[in-house]
Amino acid sequence: MYREEDYLQLSGIQHFAFCRRQWALIHVEQQWEENFHTADGRLMHENAHNSEFREKRGNIIIIRGMRVSSAEYGISGECDVVELHRDDQKGININGLEGNYIVKPIEYKRGTLKSSDCDYVQLCAQVLCLEEMLCCDIKEGCLYYGQPKKRTVVLMSETLRAKTKQLLGEMHELYKRKYTPKVHSNKSCNSCSLKNICVPEIEKRSALTYIHDMINERSDL
């Protein structure tokens with residue numbers, strides 16, 4: 001079990017799965033720079049995270065901006081949306097509510113469905129927190145993408161759970177060491193808001209060569 005002061009941001013696992021260096025720059029070195037993609041995503045999450053807004057649609061209760069945490073995995077954060085589906089046969093009892101409910105987290109993402117597992121592990125990390133807090137088993141969650149404006153159901157398979165737990169363990173290890181991984185540039189670097197801070201071009205040149213080239217470029221202006 002982790003102490004609360006050692007909890008990491010749950011949302012960081014999405015950064016970590018995308019790029020370990022990006023995660024370290026944000027969560028270890030506390031650096032940040034915004035671009036269109038991050039601003040657009042932030043606005044989407046602000047709309048979803050209205051924790052004062054709770055609604056009921058038929059047998060479904062919708063909770064926004066729900067705070068969650070896990071002492072076992074040392075993470076805390078917020079779920080964009082958690083839906084409670086009334087099911088007196090298969091659901092669980094939740095304090096203050098009549099009947100039993102099946103718990104389903106919904107994570108909002110800008111853009112379109114991605115082929116990488118970055119979004120999947122973030123959703124799974126939310127599931128791990130909810131299961132620990134509510135003493136239940138959650139079989140699936142959903143990712144809602146802004147471009148097609150539709151949900152993608154994600155099954156909480158043993159493979160996905162194992163991958164998520166592995167990444168969380170690696171995050172804690174790097175954070176404890178205060179270690180920022182080296183650059184491993186790829187085509188995704190072009191859309192990263194931290195490109196100017198990370199400077200992935202350095203990977204292709206030595207630091208001395210990079211500085212020399214920058215001086216020459218400025219002298220040509």
# chains A, B, ... in the order shown; residues from 1 in each chain; ligands from 1
call {"tool": "select_by_dssp", "arguments": {"residues": "segment 103-160 of chain A", "states": "alpha helix (DSSP H)", "output": "count of residues only"}}
result
20
call {"tool": "residues_around", "arguments": {"residues": "Val103 of chain A", "least_positions_apart": "3", "cutoff": "9 Å", "atoms": "only C-alpha atoms", "output": "PyMOL selection string"}}
result
chain A and resi 82-85+91-92+130-131+136-141
call {"tool": "closest_residue", "arguments": {"among": "A:Ser11, A:Glu55, A:Cys19, A:Asn95", "to": "Val183 of chain A", "atoms": "only C-alpha atoms"}}
result
A:Cys19
call {"tool": "select_by_dssp", "arguments": {"residues": "segment 41-194 of chain A", "states": "strand (DSSP E or B)", "output": "PyMOL selection string"}}
result
chain A and resi 54-57+60-70+75-86+92-93+100-109+140-145+150-155
call {"tool": "residues_around", "arguments": {"residues": "Arg54 of chain A", "least_positions_apart": "4", "cutoff": "9 Å", "atoms": "only C-alpha atoms", "output": "PyMOL selection string"}}
result
chain A and resi 50+61-64
call {"tool": "write_last_selection", "arguments": {"atoms": "C-alpha atoms", "output": "compact mmCIF listing (two decimals), in the first residue's frame"}}
result
# COMPACT_ATOMS: atom_id res chain seq x y z
CA ASN A 50 -18.74 19.57 -13.69
CA ILE A 61 -27.34 7.90 -12.67
CA ILE A 62 -24.59 10.06 -14.21
CA ILE A 63 -21.83 11.47 -11.97
CA ARG A 64 -19.27 13.93 -13.38
call {"tool": "closest_residue", "arguments": {"among": "A:Ile94, A:Leu143, A:Leu25, A:Leu134", "to": "Thr112 of chain A", "atoms": "only C-alpha atoms"}}
result
A:Leu143
call {"tool": "atom_distance", "arguments": {"atom1": "atom CA of Gly58 of chain A", "atom2": "atom CA of Tyr101 of chain A"}}
result
12.9 Å
call {"tool": "closest_residue", "arguments": {"among": "A:Met1, A:Gln9, A:Arg21, A:Val28", "to": "Lys182 of chain A", "atoms": "only C-alpha atoms"}}
result
A:Arg21
call {"tool": "residues_around", "arguments": {"residues": "segment 160-174 of chain A", "least_positions_apart": "3", "cutoff": "7 Å", "atoms": "only C-alpha atoms", "output": "PyMOL selection string"}}
result
chain A and resi 13+73+121+124-125+156-157+177-179
call {"tool": "write_last_selection", "arguments": {"atoms": "C-alpha atoms", "output": "JSON list (two decimals), in the first residue's frame"}}
result
[["chain", "number", "residue", "atom", "x", "y", "z"],
["A", 13, "ILE", "CA", -0.43, 6.96, -17.13],
["A", 73, "TYR", "CA", -1.44, 1.30, -6.91],
["A", 121, "VAL", "CA", -4.66, 2.03, -19.80],
["A", 124, "CYS", "CA", -8.26, 0.77, -16.83],
["A", 125, "ALA", "CA", -6.48, 2.74, -14.08],
["A", 156, "MET", "CA", -11.23, -4.86, -18.85],
["A", 157, "SER", "CA", -9.32, -7.96, -19.92],
["A", 177, "ARG", "CA", 14.49, 8.05, -8.80],
["A", 178, "LYS", "CA", 13.49, 11.48, -10.20],
["A", 179, "TYR", "CA", 14.70, 10.16, -13.54]]
call {"tool": "atom_distance", "arguments": {"atom1": "atom CA of Pro105 of chain A", "atom2": "atom CA of Val154 of chain A"}}
result
10.2 Å
